[in-house]
>>> print(open('coords_38.txt').read())   # compact mmCIF, C-alpha atoms
# COMPACT_ATOMS: atom_id res chain seq x y z
CA MET A 30 35.63 -2.10 -5.05
CA LYS A 31 33.34 0.80 -4.21
CA THR A 32 31.55 0.82 -0.85
CA CYS A 33 28.11 0.78 -2.53
CA SER A 34 29.07 -2.35 -4.51
CA LYS A 35 30.31 -4.06 -1.34
CA LYS A 36 27.06 -3.24 0.44
CA LEU A 37 24.98 -4.54 -2.48
CA ILE A 38 26.99 -7.80 -2.57
CA GLY A 39 26.61 -8.14 1.21
CA THR A 40 22.86 -7.61 0.94
CA ILE A 41 22.56 -10.25 -1.79
CA LEU A 42 24.62 -12.77 0.24
CA ALA A 43 22.49 -12.14 3.34
CA PHE A 44 19.35 -12.57 1.22
CA LEU A 45 20.61 -15.93 -0.13
CA ALA A 46 21.57 -17.11 3.36
CA TRP A 47 18.09 -16.21 4.65
CA GLY A 48 16.56 -18.29 1.84
CA HIS A 49 18.65 -21.35 2.77
CA ILE A 50 17.69 -21.03 6.44
CA ALA A 51 14.01 -20.85 5.50
CA LEU A 52 14.46 -23.91 3.24
CA ALA A 53 15.98 -25.92 6.09
CA GLU A 54 12.92 -25.30 8.26
CA ASP A 55 10.08 -27.76 7.87
CA SER A 56 7.24 -25.26 7.96
CA GLN A 57 3.67 -26.19 7.20
CA SER A 58 1.96 -24.48 4.30
CA ALA A 59 -0.73 -22.29 5.85
CA ALA A 60 -2.62 -19.22 4.75
CA PHE A 61 -4.84 -16.85 6.62
CA SER A 62 -7.84 -15.14 5.10
CA LEU A 63 -9.69 -11.88 5.26
CA GLY A 64 -13.07 -12.84 3.89
CA ASP A 65 -12.51 -14.34 0.42
CA ILE A 66 -8.94 -13.00 0.17
CA GLU A 67 -6.19 -15.48 1.08
CA PHE A 68 -2.68 -14.49 2.11
CA LEU A 69 -0.69 -17.34 0.62
CA ALA A 70 1.99 -19.01 2.71
CA ASP A 71 4.39 -21.66 1.39
CA GLU A 72 3.85 -22.39 -2.28
CA PRO A 73 6.04 -23.26 -5.27
CA SER A 74 8.92 -20.92 -6.05
CA TYR A 75 8.35 -18.93 -9.24
CA LEU A 76 10.53 -17.83 -12.12
CA ASP A 77 8.94 -14.66 -13.41
CA PHE A 78 9.50 -13.05 -16.82
CA GLY A 79 8.23 -9.68 -17.96
CA ALA A 80 8.42 -7.27 -20.89
CA GLY A 81 7.01 -3.83 -21.44
CA ALA A 82 7.82 -0.13 -21.10
CA PHE A 83 10.46 1.50 -18.85
CA ASN A 84 9.76 5.12 -17.91
CA PHE A 85 6.40 4.90 -19.70
CA SER A 86 5.09 8.19 -18.31
CA ASP A 87 7.95 10.35 -19.67
CA ASP A 88 10.27 9.00 -22.40
CA PRO A 89 9.44 5.28 -22.76
CA THR A 90 11.84 2.58 -23.85
CA ALA A 91 11.40 -1.19 -24.01
CA ALA A 92 12.35 -3.19 -20.91
CA GLY A 93 12.34 -6.73 -19.62
CA TYR A 94 13.08 -8.53 -16.40
CA ILE A 95 13.65 -11.96 -14.90
CA GLU A 96 12.90 -12.60 -11.26
CA TYR A 97 13.07 -15.46 -8.77
CA ARG A 98 10.48 -15.59 -5.96
CA TYR A 99 11.35 -18.16 -3.31
CA GLY A 100 8.25 -20.14 -2.27
CA LYS A 101 9.09 -20.81 1.39
CA LYS A 102 7.83 -17.86 3.40
CA LEU A 103 7.85 -16.49 6.92
CA SER A 104 4.11 -16.35 7.51
CA PHE A 105 3.07 -14.89 4.12
CA ILE A 106 6.20 -12.86 3.20
CA GLY A 107 8.91 -14.32 0.98
CA PRO A 108 12.22 -13.23 -0.55
CA VAL A 109 12.58 -12.09 -4.16
CA MET A 110 15.54 -11.20 -6.36
CA GLY A 111 15.80 -10.17 -9.97
CA ILE A 112 17.29 -8.09 -12.71
CA MET A 113 15.61 -5.60 -15.04
CA ALA A 114 17.16 -4.11 -18.18
CA ASN A 115 16.00 -1.66 -20.83
CA THR A 116 17.01 -1.13 -24.45
CA ASP A 117 18.90 2.09 -23.60
CA GLY A 118 21.42 0.15 -21.49
CA GLY A 119 19.88 0.73 -18.06
CA VAL A 120 20.20 -2.26 -15.71
CA PHE A 121 18.75 -2.67 -12.22
CA GLY A 122 19.60 -5.64 -9.97
CA TYR A 123 17.45 -5.97 -6.86
CA GLY A 124 16.43 -8.05 -3.86
CA GLY A 125 13.64 -7.69 -1.34
CA PHE A 126 10.34 -9.12 -0.19
CA TYR A 127 6.94 -9.99 -1.66
CA ALA A 128 3.55 -11.39 -0.69
CA ASP A 129 0.82 -13.17 -2.68
CA LEU A 130 -2.84 -12.39 -2.08
CA LYS A 131 -5.37 -14.62 -3.80
CA TYR A 132 -9.00 -14.04 -4.70
CA ARG A 133 -10.28 -17.04 -6.66
CA ARG A 134 -7.87 -17.14 -9.65
CA LEU A 135 -6.66 -13.54 -9.28
CA ILE A 136 -3.25 -13.23 -7.61
CA VAL A 137 -2.09 -9.81 -6.43
CA THR A 138 1.64 -9.66 -5.69
CA PRO A 139 3.02 -6.51 -4.04
CA LEU A 140 6.80 -6.31 -3.66
CA ALA A 141 9.35 -3.95 -2.18
CA THR A 142 13.04 -4.17 -3.09
CA VAL A 143 16.36 -2.34 -2.96
CA GLY A 144 19.12 -2.55 -5.52
CA GLY A 145 21.72 -1.02 -7.74
CA TYR A 146 21.04 0.84 -10.98
CA HIS A 147 23.48 1.20 -13.86
CA GLN A 148 22.30 4.06 -16.07
CA GLY A 149 23.99 3.17 -19.36
CA GLY A 150 22.36 5.45 -21.96
CA SER A 151 19.08 5.37 -20.07
CA LYS A 152 17.34 7.79 -17.72
CA ASP A 153 19.46 9.30 -14.94
CA LEU A 154 17.80 8.25 -11.67
CA GLY A 155 20.19 10.27 -9.52
CA GLY A 156 22.56 7.52 -8.38
CA ILE A 157 23.23 3.80 -8.03
CA PHE A 158 21.22 2.94 -4.89
CA GLN A 159 17.47 2.74 -5.66
CA PHE A 160 14.24 1.34 -4.26
CA ARG A 161 11.68 -0.49 -6.39
CA THR A 162 8.05 -1.03 -5.49
CA ALA A 163 5.68 -2.99 -7.67
CA ILE A 164 2.30 -4.62 -7.79
CA THR A 165 1.33 -7.44 -10.15
CA PHE A 166 -2.21 -8.49 -11.01
CA ALA A 167 -2.19 -11.99 -12.49
CA TYR A 168 -4.56 -14.76 -13.51
CA GLN A 169 -3.54 -18.19 -12.18
CA PHE A 170 -4.08 -21.09 -14.59
CA ASP A 171 -4.47 -24.77 -13.75
CA GLY A 172 -0.94 -25.95 -13.07
CA ASP A 173 -0.22 -22.70 -11.16
CA SER A 174 1.38 -20.67 -13.99
CA ARG A 175 0.33 -17.02 -14.01
CA LEU A 176 -0.18 -14.32 -16.65
CA GLY A 177 -0.48 -10.73 -15.53
CA VAL A 178 0.35 -7.04 -15.62
CA ARG A 179 2.89 -5.33 -13.35
CA LEU A 180 3.15 -1.66 -12.42
CA SER A 181 6.55 -0.69 -10.95
CA HIS A 182 8.24 2.42 -9.68
CA ILE A 183 11.99 2.96 -9.14
CA SER A 184 13.14 5.87 -6.98
CA ASN A 185 16.02 6.73 -4.66
CA ALA A 186 13.61 8.21 -2.08
CA GLY A 187 15.61 11.43 -1.90
CA LEU A 188 18.91 9.76 -0.94
CA HIS A 189 20.64 11.39 -3.92
CA ASP A 190 20.56 15.06 -4.96
CA ASP A 191 18.34 14.24 -7.96
CA ASN A 192 15.32 11.92 -7.61
CA PRO A 193 13.29 11.86 -10.84
CA GLY A 194 12.02 8.27 -10.44
CA GLU A 195 10.55 6.23 -13.27
CA ASN A 196 7.49 4.05 -13.85
CA GLU A 197 7.14 0.75 -15.69
CA ILE A 198 4.25 -1.25 -17.07
CA LEU A 199 5.03 -4.85 -17.93
CA LEU A 200 3.27 -7.98 -19.16
CA THR A 201 4.33 -10.87 -16.91
CA TYR A 202 4.45 -14.65 -17.01
CA SER A 203 5.19 -16.66 -13.88
CA LEU A 204 6.41 -20.25 -14.16
CA PRO A 205 6.07 -22.40 -11.01
CA LEU A 206 9.12 -24.43 -10.03
CA ALA A 207 9.09 -27.69 -8.04
CA PHE A 208 7.41 -27.34 -4.63
>>> encode(input="coords_38.txt", output="structure tokens")
Amino acid sequence: MKTCSKKLIGTILAFLAWGHIALAEDSQSAAFSLGDIEFLADEPSYLDFGAGAFNFSDDPTAAGYIEYRYGKKLSFIGPVMGIMANTDGGVFGYGGFYADLKYRRLIVTPLATVGGYHQGGSKDLGGIFQFRTAITFAYQFDGDSRLGVRLSHISNAGLHDDNPGENEILLTYSLPLAF
């Protein structure tokens, strides 16, 4: 097994262990506010689905993702993991952290992740190890489901010789799981 694959598996296992430790803690759901903007603490976990365009600013192709956001948080930051794939055979598995900021029914979710990219017939991003940053703007319905738009960027931050990066725009739906 390649060293990069071992590191990715180790990172995923550490991420899962961190989630179980946070689950075992009996933390109170609390949020702090800056004016009308709330930084959400513990809330339901979410299963997030999205579809849209991969590499939309250059040579777009259709893409989709599925993501799990664990609802138990340290202060207002929680763990996230997911997988994104495009119709050219590119696949990106990732794990990282997110936060939810709420203004009335608008939820803004920034996230930062690391992961492994398999190019397939898709855009060459310079190597396997990549970073993904994203921001989602979503409307929260009664019952806590959310419909929104996500802007994402994948890049290797100059770790590989080539670093073209790519941008995505995706329509999202977030389904709350039991709290």
>>> axis_aligned_box(input="coords_38.txt", around="range 132-147 of chain A", padding_each_side="5 Å", output="lines of an AutoDock Vina configuration file")
center_x = 6.6
center_y = -8.0
center_z = -8.0
size_x = 43.8
size_y = 28.3
size_z = 21.7
>>> residues_around(input="coords_38.txt", residues="Val143 in chain A", least_positions_apart="5", cutoff="8 Å", atoms="all atoms listed in the file", output="list in words")
Tyr123, Gly124, Gly125, Phe158, Gln159, Phe160 and Arg161 of chain A
>>> write_last_selection(input="coords_38.txt", atoms="C-alpha atoms", output="PDB file, keeping the file's coordinate frame")
ATOM      1  CA  TYR A 123      17.450  -5.970  -6.860  1.00  0.00           C
ATOM      2  CA  GLY A 124      16.430  -8.050  -3.860  1.00  0.00           C
ATOM      3  CA  GLY A 125      13.640  -7.690  -1.340  1.00  0.00           C
ATOM      4  CA  PHE A 158      21.220   2.940  -4.890  1.00  0.00           C
ATOM      5  CA  GLN A 159      17.470   2.740  -5.660  1.00  0.00           C
ATOM      6  CA  PHE A 160      14.240   1.340  -4.260  1.00  0.00           C
ATOM      7  CA  ARG A 161      11.680  -0.490  -6.390  1.00  0.00           C
TER       8      ARG A 161
END
>>> atom_distance(input="coords_38.txt", atom1="CA of Tyr99 in chain A", atom2="CA of Leu140 in chain A")
12.7 Å
>>> closest_residue(input="coords_38.txt", among="A:Gly119, A:Arg134, A:Ala167, A:Ala70", to="Gln148 in chain A", atoms="all atoms listed in the file")
A:Gly119
>>> residues_around(input="coords_38.txt", residues="Asp77 in chain A", least_positions_apart="4", cutoff="7 Å", atoms="all atoms listed in the file", output="MDAnalysis selection string")
chainID A and resid 95:97 201:204
>>> closest_residue(input="coords_38.txt", among="A:Met110, A:Val120, A:Leu76, A:Leu130", to="Ile183 in chain A", atoms="only C-alpha atoms")
A:Val120
>>> closest_residue(input="coords_38.txt", among="A:Asp117, A:Asp65, A:Asp88, A:Glu72", to="Gly150 in chain A", atoms="all atoms listed in the file")
A:Asp117
>>> atom_distance(input="coords_38.txt", atom1="CA of Asp191 in chain A", atom2="CA of Asp153 in chain A")
8.6 Å
>>> closest_residue(input="coords_38.txt", among="A:Ile112, A:Ala91, A:Leu69, A:Leu135", to="Glu197 in chain A", atoms="all atoms listed in the file")
A:Ala91
>>> closest_residue(input="coords_38.txt", among="A:Thr116, A:Ser74, A:Gln169, A:Thr162", to="Tyr132 in chain A", atoms="all atoms listed in the file")
A:Gln169
>>> closest_residue(input="coords_38.txt", among="A:Asn115, A:Phe105, A:Ser151, A:Tyr168", to="Ala82 in chain A", atoms="only C-alpha atoms")
A:Asn115
>>> atom_distance(input="coords_38.txt", atom1="CA of Phe85 in chain A", atom2="CA of His182 in chain A")
10.5 Å
